[in-house]
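Trainee: Have a peek at run-v9.csv (CSV, C-alpha atoms and all ligand atoms).
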```csv
chain,number,residue,atom,x,y,z
A,182,MET,CA,90.9,94.5,132.3
A,183,THR,CA,94.0,93.9,130.1
A,184,SER,CA,97.4,92.8,131.3
A,185,PRO,CA,100.2,95.3,131.3
A,186,ILE,CA,102.8,95.8,128.6
A,187,LEU,CA,106.4,95.8,129.7
A,188,VAL,CA,108.7,98.3,128.0
A,189,THR,CA,112.4,97.8,128.6
A,190,GLY,CA,114.3,100.9,127.6
A,191,GLY,CA,111.1,102.9,128.4
A,192,THR,CA,113.3,105.8,129.5
A,193,GLY,CA,115.3,106.0,126.3
A,194,THR,CA,115.0,108.0,123.1
A,195,LEU,CA,112.4,105.6,121.6
A,196,GLY,CA,110.8,104.6,124.9
A,197,ARG,CA,109.9,108.2,125.7
A,198,PHE,CA,107.6,108.2,122.6
A,199,LEU,CA,106.5,104.7,123.0
A,200,VAL,CA,105.2,104.8,126.6
A,201,PRO,CA,102.7,107.7,126.1
A,202,ARG,CA,101.5,106.2,122.9
A,203,LEU,CA,100.7,102.9,124.7
A,204,ARG,CA,99.0,104.8,127.4
A,205,ASP,CA,97.0,106.7,124.8
A,206,ALA,CA,96.0,103.3,123.4
A,207,GLY,CA,94.5,102.5,126.8
A,208,ARG,CA,97.2,100.0,127.9
A,209,ASP,CA,98.7,99.7,131.3
A,210,VAL,CA,102.5,100.2,131.0
A,211,ARG,CA,105.3,98.9,133.1
A,212,VAL,CA,108.9,100.2,132.5
A,213,LEU,CA,112.0,98.4,133.6
A,214,SER,CA,114.8,100.8,134.4
A,215,ARG,CA,118.1,100.7,136.2
A,216,SER,CA,117.4,103.9,138.0
A,217,GLY,CA,114.6,104.5,140.5
A,218,HIS,CA,111.5,106.3,139.3
A,219,ASP,CA,108.4,107.2,141.3
A,220,HIS,CA,105.3,105.6,140.1
A,221,GLY,CA,103.4,107.9,137.7
A,222,LYS,CA,106.0,110.7,137.6
A,223,GLU,CA,107.4,109.9,134.2
A,224,HIS,CA,105.9,111.2,130.9
A,225,GLY,CA,103.2,112.9,133.0
A,226,ARG,CA,101.3,109.6,132.8
A,227,ASP,CA,100.4,106.8,135.1
A,228,VAL,CA,103.2,104.3,134.5
A,229,GLU,CA,104.5,101.6,136.8
A,230,PHE,CA,108.3,101.4,137.2
A,231,VAL,CA,110.3,98.3,138.2
A,232,ARG,CA,113.9,98.9,139.1
A,233,GLY,CA,116.2,96.3,137.4
A,234,ASP,CA,119.1,95.5,135.2
A,235,LEU,CA,119.0,93.2,132.3
A,236,LEU,CA,122.7,92.5,132.5
A,237,THR,CA,122.7,91.4,136.1
A,238,GLY,CA,119.2,89.9,136.0
A,239,GLU,CA,118.0,92.0,138.9
A,240,GLY,CA,114.3,92.8,138.7
A,241,ILE,CA,113.5,90.8,135.5
A,242,ASN,CA,111.1,88.4,137.3
A,243,ALA,CA,109.1,91.2,138.8
A,244,ALA,CA,109.1,93.1,135.5
A,245,VAL,CA,107.7,90.3,133.3
A,246,LYS,CA,105.2,89.0,135.9
A,247,GLY,CA,101.7,88.9,134.3
A,248,VAL,CA,102.5,90.9,131.2
A,249,SER,CA,101.1,90.0,127.8
A,250,VAL,CA,103.6,91.8,125.7
A,251,VAL,CA,107.3,92.8,126.2
A,252,LEU,CA,108.5,95.6,124.0
A,253,HIS,CA,112.3,95.2,124.4
A,254,CYS,CA,113.8,98.6,123.6
A,255,ALA,CA,116.7,98.5,126.2
A,256,SER,CA,120.1,98.8,124.6
A,257,GLY,CA,123.6,99.7,125.7
A,258,LYS,CA,127.0,100.2,124.2
A,259,LYS,CA,127.9,96.6,125.3
A,260,GLY,CA,126.1,93.5,126.3
A,261,ASP,CA,122.8,93.6,124.3
A,262,GLU,CA,123.1,89.9,123.5
A,263,ALA,CA,123.4,88.9,127.1
A,264,ALA,CA,120.7,91.4,128.2
A,265,THR,CA,118.3,90.0,125.6
A,266,GLY,CA,119.2,86.4,126.6
A,267,ASN,CA,118.5,87.1,130.2
A,268,LEU,CA,115.1,88.7,129.4
A,269,VAL,CA,114.0,85.9,127.1
A,270,GLU,CA,115.0,83.2,129.5
A,271,VAL,CA,113.0,84.7,132.4
A,272,ALA,CA,110.0,85.6,130.2
A,273,ALA,CA,109.8,82.1,128.7
A,274,ARG,CA,109.3,80.7,132.3
A,275,GLN,CA,106.0,82.6,132.6
A,276,ALA,CA,102.9,80.4,132.5
A,277,ALA,CA,101.4,82.6,129.8
A,278,ARG,CA,104.3,83.4,127.6
A,279,PRO,CA,104.3,87.1,126.5
A,280,HIS,CA,104.6,88.3,122.9
A,281,LEU,CA,108.2,89.7,122.6
A,282,VAL,CA,108.5,92.7,120.2
A,283,TYR,CA,112.0,93.6,119.3
A,284,PRO,CA,113.2,96.7,117.4
A,285,SER,CA,116.4,96.1,115.6
A,286,VAL,CA,118.5,98.0,113.0
A,287,VAL,CA,118.2,97.8,109.2
A,288,GLY,CA,121.3,96.3,107.7
A,289,VAL,CA,122.6,94.9,111.0
A,290,GLU,CA,124.7,92.5,109.0
A,291,ALA,CA,126.4,95.3,107.1
A,292,LEU,CA,128.9,96.6,109.8
A,293,SER,CA,131.3,94.5,111.8
A,294,LEU,CA,131.0,96.9,114.7
A,295,GLY,CA,130.6,95.2,118.1
A,296,TYR,CA,127.2,97.0,118.6
A,297,PHE,CA,125.8,95.6,115.3
A,298,ARG,CA,127.1,92.1,116.0
A,299,ALA,CA,125.5,92.2,119.4
A,300,LYS,CA,122.2,93.3,117.9
A,301,LEU,CA,122.3,90.4,115.4
A,302,ARG,CA,122.9,88.0,118.2
A,303,SER,CA,120.1,89.5,120.2
A,304,GLU,CA,117.8,88.9,117.2
A,305,GLN,CA,118.9,85.3,117.3
A,306,ALA,CA,118.2,85.1,121.0
A,307,VAL,CA,114.6,86.3,120.2
A,308,THR,CA,114.1,83.9,117.2
A,309,ASP,CA,115.5,80.9,119.1
A,310,SER,CA,113.3,81.6,122.2
A,311,GLU,CA,110.2,79.8,123.1
A,312,LEU,CA,108.3,83.1,123.1
A,313,PRO,CA,105.9,84.3,120.3
A,314,TRP,CA,107.9,87.1,118.7
A,315,THR,CA,107.9,90.0,116.3
A,316,ILE,CA,111.1,91.7,115.0
A,317,ALA,CA,111.1,95.0,113.1
A,318,ARG,CA,114.2,96.6,111.8
A,319,PHE,CA,114.4,100.4,111.7
A,320,THR,CA,116.9,102.9,110.3
A,321,GLN,CA,118.9,105.4,112.4
A,322,PHE,CA,116.8,107.7,114.4
A,323,TYR,CA,116.9,111.5,113.7
A,324,ASP,CA,118.0,112.1,117.3
A,325,TYR,CA,121.0,110.0,116.8
A,326,ILE,CA,122.1,111.8,113.6
A,327,PHE,CA,121.3,115.1,115.4
A,328,SER,CA,123.6,114.5,118.3
A,329,GLY,CA,126.3,113.2,116.0
A,330,ALA,CA,126.0,116.3,113.8
A,331,ARG,CA,126.0,118.6,116.8
A,332,SER,CA,129.2,117.2,118.2
A,333,MET,CA,131.0,117.0,114.8
A,334,ALA,CA,130.0,120.6,114.1
A,335,LYS,CA,132.1,121.8,117.0
A,336,MET,CA,135.1,121.4,114.8
A,337,PRO,CA,136.2,124.2,112.4
A,338,VAL,CA,136.0,121.7,109.4
A,339,VAL,CA,133.4,119.1,109.9
A,340,PRO,CA,134.6,115.6,109.0
A,341,VAL,CA,132.1,113.0,107.9
A,342,PRO,CA,132.4,109.5,106.4
A,343,ALA,CA,132.3,109.8,102.6
A,344,GLY,CA,129.4,108.1,100.8
A,345,PHE,CA,127.7,107.0,104.0
A,346,ARG,CA,124.1,106.4,102.8
A,347,VAL,CA,121.3,106.6,105.3
A,348,GLN,CA,117.5,107.0,105.4
A,349,PRO,CA,116.9,108.0,109.0
A,350,ILE,CA,113.5,108.1,110.7
A,351,ASP,CA,111.7,110.1,113.3
A,352,PRO,CA,111.6,107.9,116.5
A,353,ASP,CA,107.9,108.8,117.2
A,354,GLU,CA,107.0,107.1,113.9
A,355,VAL,CA,109.0,104.1,115.1
A,356,ALA,CA,107.0,104.2,118.3
A,357,ALA,CA,103.7,104.3,116.4
A,358,ARG,CA,104.7,101.2,114.4
A,359,LEU,CA,105.8,99.4,117.5
A,360,VAL,CA,102.5,100.1,119.2
A,361,GLU,CA,100.7,98.7,116.1
A,362,LEU,CA,102.9,95.5,116.3
A,363,ALA,CA,102.6,95.1,120.1
A,364,LEU,CA,98.8,95.3,119.9
A,365,GLY,CA,98.7,92.8,117.0
A,366,ASP,CA,99.5,89.1,116.8
A,367,PRO,CA,103.1,87.8,116.8
A,368,ALA,CA,104.2,88.3,113.2
A,369,GLY,CA,107.8,87.1,113.0
A,370,ARG,CA,110.2,89.3,111.0
A,371,VAL,CA,108.2,92.2,109.5
A,372,ALA,CA,109.1,94.8,106.9
A,373,ASP,CA,111.9,97.3,107.6
A,374,LEU,CA,110.9,100.9,108.2
A,375,GLY,CA,112.9,104.0,107.4
A,376,GLY,CA,112.3,107.7,106.9
A,377,PRO,CA,111.0,109.3,103.7
A,378,GLN,CA,114.4,110.4,102.2
A,379,GLU,CA,117.6,108.6,101.3
A,380,SER,CA,120.5,110.9,102.1
A,381,THR,CA,124.2,110.8,103.2
A,382,TRP,CA,125.8,111.8,106.4
A,383,ALA,CA,127.4,114.7,104.6
A,384,ASP,CA,124.2,116.1,103.3
A,385,MET,CA,122.4,115.7,106.6
A,386,VAL,CA,125.2,117.5,108.4
A,387,ARG,CA,125.0,120.3,105.7
A,388,ALA,CA,121.3,120.6,106.3
A,389,TYR,CA,121.9,120.7,110.1
A,390,LEU,CA,124.4,123.6,109.6
A,391,ARG,CA,122.0,125.4,107.3
A,392,ALA,CA,119.1,125.0,109.7
A,393,GLY,CA,121.2,126.6,112.5
A,394,ARG,CA,122.4,129.3,110.0
A,395,ARG,CA,126.0,128.3,110.4
A,396,ARG,CA,128.6,128.3,107.7
A,397,LYS,CA,131.3,125.6,107.9
A,398,PRO,CA,133.0,123.4,105.4
A,399,VAL,CA,132.0,119.7,105.5
A,400,LEU,CA,134.8,117.3,104.6
A,401,PRO,CA,133.8,113.8,103.5
A,402,VAL,CA,136.5,111.4,104.4
A,403,ARG,CA,136.7,107.9,102.8
A,404,LEU,CA,137.0,105.4,105.6
A,405,PRO,CA,137.8,101.7,105.3
A,406,GLY,CA,135.3,99.0,106.2
A,407,LEU,CA,132.2,100.9,104.9
A,408,ALA,CA,131.8,99.4,101.4
A,409,LYS,CA,128.5,97.9,102.3
A,410,VAL,CA,127.2,101.1,103.7
A,411,ARG,CA,128.3,102.9,100.5
A,412,ALA,CA,126.4,100.2,98.6
A,413,GLY,CA,123.2,101.0,100.5
A,414,HIS,CA,123.0,98.1,103.0
A,415,LEU,CA,121.7,100.5,105.7
A,416,LEU,CA,118.7,101.5,103.6
A,417,PRO,CA,115.3,99.9,104.2
A,418,ALA,CA,114.0,97.3,101.7
A,419,GLY,CA,110.4,97.8,100.6
A,420,PRO,CA,108.0,100.6,100.1
A,421,VAL,CA,106.9,101.5,103.6
A,422,THR,CA,108.5,104.7,104.9
A,423,GLY,CA,108.0,107.2,107.6
A,424,ARG,CA,106.7,110.7,106.7
A,425,LYS,CA,108.6,113.3,108.7
A,426,THR,CA,111.6,114.8,106.9
A,427,TRP,CA,115.0,115.7,108.4
A,428,GLU,CA,114.3,119.4,107.6
A,429,GLU,CA,111.0,119.2,109.5
A,430,PHE,CA,112.7,117.5,112.4
A,431,LEU,CA,115.4,120.2,112.4
A,432,THR,CA,112.9,123.0,112.3
A,433,GLU,CA,111.1,121.6,115.4
A,434,LYS,CA,114.4,121.0,117.2
A,435,LEU,CA,116.2,124.2,116.5
A,436,HIS,CA,113.5,126.9,116.3
B,1,LIG,N1,119.1,105.0,118.0
B,1,LIG,C1,118.9,104.5,116.7
B,1,LIG,O1,119.3,105.2,115.7
B,1,LIG,C2,118.2,103.2,116.5
B,1,LIG,C3,117.9,102.8,115.2
B,1,LIG,C4,117.3,101.5,115.0
B,1,LIG,C5,117.0,100.7,116.1
B,1,LIG,N2,117.3,101.2,117.3
B,1,LIG,C6,117.0,100.3,118.4
B,1,LIG,O2,116.0,100.8,119.2
B,1,LIG,C7,116.1,100.5,120.6
B,1,LIG,C8,116.1,101.7,121.4
B,1,LIG,O3,117.1,102.6,121.1
B,1,LIG,P1,117.3,104.1,121.8
B,1,LIG,O4,118.1,104.9,120.8
B,1,LIG,O5,115.9,104.5,122.3
B,1,LIG,O6,118.2,103.7,123.0
B,1,LIG,P2,118.7,104.7,124.2
B,1,LIG,O7,118.1,106.1,124.0
B,1,LIG,O8,120.2,104.5,124.2
B,1,LIG,O9,118.1,104.1,125.5
B,1,LIG,C9,118.6,102.9,126.0
B,1,LIG,C10,117.6,102.4,127.1
B,1,LIG,O10,118.1,101.1,127.5
B,1,LIG,C11,117.9,101.1,128.9
B,1,LIG,N3,119.0,100.2,129.4
B,1,LIG,C12,120.3,100.2,129.0
B,1,LIG,N4,121.0,99.2,129.6
B,1,LIG,C13,120.1,98.5,130.4
B,1,LIG,C14,120.2,97.4,131.2
B,1,LIG,N5,121.4,96.8,131.4
B,1,LIG,N6,119.1,97.0,131.9
B,1,LIG,C15,117.9,97.7,131.7
B,1,LIG,N7,117.7,98.7,130.9
B,1,LIG,C16,118.8,99.2,130.2
B,1,LIG,C17,118.1,102.5,129.4
B,1,LIG,O11,117.3,102.6,130.6
B,1,LIG,P3,117.8,103.1,132.0
B,1,LIG,O12,119.0,104.0,131.8
B,1,LIG,O13,116.6,103.9,132.6
B,1,LIG,O14,118.1,101.9,132.8
B,1,LIG,C18,117.5,103.3,128.3
B,1,LIG,O15,116.1,103.5,128.5
B,1,LIG,C19,117.5,99.7,120.7
B,1,LIG,O16,117.2,98.4,120.6
B,1,LIG,C20,118.2,100.2,119.4
B,1,LIG,O17,119.1,99.2,119.0
B,1,LIG,C21,117.9,102.4,117.6
```
Represent the structure from my file as C-alpha cells, please.

Mentor:
Amino acid sequence: MTSPILVTGGTGTLGRFLVPRLRDAGRDVRVLSRSGHDHGKEHGRDVEFVRGDLLTGEGINAAVKGVSVVLHCASGKKGDEAATGNLVEVAARQAARPHLVYPSVVGVEALSLGYFRAKLRSEQAVTDSELPWTIARFTQFYDYIFSGARSMAKMPVVPVPAGFRVQPIDPDEVAARLVELALGDPAGRVADLGGPQESTWADMVRAYLRAGRRRKPVLPVRLPGLAKVRAGHLLPAGPVTGRKTWEEFLTEKLH
C-alpha cells in the first residue's frame, strides 16, 4: 500500500487534470478544499476530501497526515505567500517529511504585480523549508488566456497590451509533468515548461476571434511596466515544450 498524495488546489483549473492523472497512476489522492465535497463525488473518481483553508490554517494537520507527497497547487488573488508558509510549517512537523512539489510561473521576477511577488515569496518559503522539494515553473495556461480573451472580446474594439510575448500551455500537459515530478525523487528547481508556440496576446486574441468566426478589430495598447514582458521574460528557457497548440485548444473548446 502506498501513502496518499495531497493535492492542494485539487478543485482548480490545474487540479481538475491532476487528480484523475494521479488516480490513473494508481495513487490514493487527498484534496484540501475550502468547500465541502463528498468523498468520491469529484472527477468521477475515488478521492478523499479534507475541508480546510491554507490562510487560516484550518484542516492542514488532517490534510498532511501520513502523505508522502504534497502537490501544492492552491492559489488565490492574495495571500499565496502566507498560505504556502502555513502549509510548509505544518508539513515539516510530520515524522516522515513529505516531498513538496510546487508549480510556479515562468518569469515570476519579471512583473512587479502583487500576485507575482507573492509567488516568488512562496517559492522562497518552499526552498527555505525543511522539506524535500521540487519547483517547476510553467507559462500561462490556455484556460487563463481563453477567459481573458472571452471577456475582452465583449468590447466593440478589443484592447490588448502591445508586444506582450507569451508561450502558453495546455494545463493537462502541466498536470502530466507534475505527476512525473511527484512520482520521482525531490529534484530542486527543474526546467521551465511552456507550450509549443511563442505568440503575443494580440495574436492569441485574433486566433480566438477567428475560431469563433467573429470579426472585430484588435487594438494593441502600449502599457507602462511591461518592458521585461516585451523582452521575453515570460518565455520558458530551454528546449522542453508542450505539444498542444492554441488552435487545437480553441477547436476543442469552441466546437
Ligand atoms: N493559471 C495559470 O496560467 C498558471 C500558470 C503557471 C502556474 N500557475 C500556478 O498553478 C497553480 C494552479 O493554478 P490554477 O490556475 O489551477 O488555480 P485556480 O484555478 O485559480 O485554482 C485555485 C485553487 O486554489 C484553491 N485555494 C485557493 N485559496 C485557498 C485557500 N486559502 N486554502 C485552500 N485552497 C485554496 C481553490 O480551492 P477551493 O476553492 O476548492 O478551496 C482552487 O482549487 C497556482 O500555483 C498557479 O500560480 C498557474

Trainee: Counting all atoms listed in the file, name the residues that have an atom within 7 Å of an atom of ligand LIG 1 (chain B); the answer should be given as a VMD selection string.

Mentor: chain A and resid 189 to 196 213 to 216 233 to 236 253 to 257 264 284 to 287 300 318 to 322 325

Trainee: Could you dump the residues just selected with C-alpha atoms as a compact mmCIF listing (two decimals), in the frame of the given file?

Mentor:
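Output (out-v9.txt):
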```txt
# COMPACT_ATOMS: atom_id res chain seq x y z
CA THR A 189 112.40 97.80 128.60
CA GLY A 190 114.30 100.90 127.60
CA GLY A 191 111.10 102.90 128.40
CA THR A 192 113.30 105.80 129.50
CA GLY A 193 115.30 106.00 126.30
CA THR A 194 115.00 108.00 123.10
CA LEU A 195 112.40 105.60 121.60
CA GLY A 196 110.80 104.60 124.90
CA LEU A 213 112.00 98.40 133.60
CA SER A 214 114.80 100.80 134.40
CA ARG A 215 118.10 100.70 136.20
CA SER A 216 117.40 103.90 138.00
CA GLY A 233 116.20 96.30 137.40
CA ASP A 234 119.10 95.50 135.20
CA LEU A 235 119.00 93.20 132.30
CA LEU A 236 122.70 92.50 132.50
CA HIS A 253 112.30 95.20 124.40
CA CYS A 254 113.80 98.60 123.60
CA ALA A 255 116.70 98.50 126.20
CA SER A 256 120.10 98.80 124.60
CA GLY A 257 123.60 99.70 125.70
CA ALA A 264 120.70 91.40 128.20
CA PRO A 284 113.20 96.70 117.40
CA SER A 285 116.40 96.10 115.60
CA VAL A 286 118.50 98.00 113.00
CA VAL A 287 118.20 97.80 109.20
CA LYS A 300 122.20 93.30 117.90
CA ARG A 318 114.20 96.60 111.80
CA PHE A 319 114.40 100.40 111.70
CA THR A 320 116.90 102.90 110.30
CA GLN A 321 118.90 105.40 112.40
CA PHE A 322 116.80 107.70 114.40
CA TYR A 325 121.00 110.00 116.80
```

Trainee: Separation of CA of Leu416 (chain A) and CA of Val347 (chain A), in Å?

Mentor: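 Computed distance, CA of Leu416 (chain A) to CA of Val347 (chain A), equals 6.0 Å.
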
Trainee: Skip Glu428 (chain A) itself and residues of its chain fewer than 5 positions away, then list as a list in words all residues within 9 Å of it, counting only C-alpha atoms.

Mentor: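 Final neighbour list, sorted by chain and number: Met385, Ala388, Tyr389, Ala392 and Glu433 of chain A.
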
Trainee: May I have the residues within 10 Å of Phe327 (chain A) as a VMD selection string, using only C-alpha atoms and disregarding those fewer than 3 positions away in the same chain?

Mentor: chain A and resid 322 to 324 330 to 333 385 to 386 389 427 430 to 431 434

Trainee: Quick one: pull the distance between CA of Val188 (chain A) and CA of Phe297 (chain A), Å, one decimal.

Mentor: 21.5 Å

Trainee: Quote the spacing between CA of Val269 (chain A) and CA of Glu239 (chain A) in Å to one decimal place.

Mentor: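 Answer for the CA of Val269 (chain A) to CA of Glu239 (chain A) separation: 13.9 Å.
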
Trainee: Can you tell me which residues surround region 397-403 of chain A at a distance of at most 10 Å, considering all atoms listed in the file, apart from same-chain residues fewer than 5 positions away, and format the answer as a list in words?

Mentor: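 My list of contacting residues is Met333, Ala334, Lys335, Met336, Pro337, Val338, Val339, Pro340, Val341, Pro342, Ala343, Gly344, Phe345, Trp382, Ala383, Asp384, Val386, Arg387, Leu390, Arg391 and Ala408 of chain A.
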
Trainee: Between A:Arg202, A:Lys425, A:Arg370, A:Arg394, which one has atoms that come closest to Gln305 (chain A), using all atoms listed in the file?

Mentor: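 Result for the nearest residue to Gln305 (chain A): A:Arg370.
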
Trainee: For a cut-off of 8 Å around (129.4, 94.3, 120.2), file coordinates, pick out all residues using all atoms listed in the file and list them as a PyMOL selection string.

Mentor: chain A and resi 258-261+294-300

Trainee: Now that the selection is made, can you save its residues with C-alpha atoms as a compact mmCIF listing (two decimals), in the frame of the given file?

Mentor:
```
# COMPACT_ATOMS: atom_id res chain seq x y z
CA LYS A 258 127.00 100.20 124.20
CA LYS A 259 127.90 96.60 125.30
CA GLY A 260 126.10 93.50 126.30
CA ASP A 261 122.80 93.60 124.30
CA LEU A 294 131.00 96.90 114.70
CA GLY A 295 130.60 95.20 118.10
CA TYR A 296 127.20 97.00 118.60
CA PHE A 297 125.80 95.60 115.30
CA ARG A 298 127.10 92.10 116.00
CA ALA A 299 125.50 92.20 119.40
CA LYS A 300 122.20 93.30 117.90
```

Trainee: From the set A:Val307, A:Ala277, A:Ile350, A:Ala356, which residue has the shortest atom-to-atom contact distance to Ile326 (chain A), counting only C-alpha atoms?

Mentor: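 Among A:Val307, A:Ala277, A:Ile350, A:Ala356, it is A:Ile350 that comes nearest to Ile326 (chain A).
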
Trainee: Between A:Glu229, A:Ser380, A:Arg208, A:Val251, which one has atoms that come closest to Thr315 (chain A), using only C-alpha atoms?

Mentor: A:Val251

Trainee: Given the choices A:Ser293, A:Arg411, A:Thr265, A:Gly217, which gets closest to Thr308 (chain A) if the distance is worked out from all atoms listed in the file?

Mentor: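 Among the listed residues, the smallest separation from Thr308 (chain A) belongs to A:Thr265.
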
Trainee: Looking at all atoms listed in the file, which of A:Ala276, A:Ala263, A:Leu281, A:Phe198 is the one that sits closest to Leu301 (chain A)?

Mentor: A:Ala263
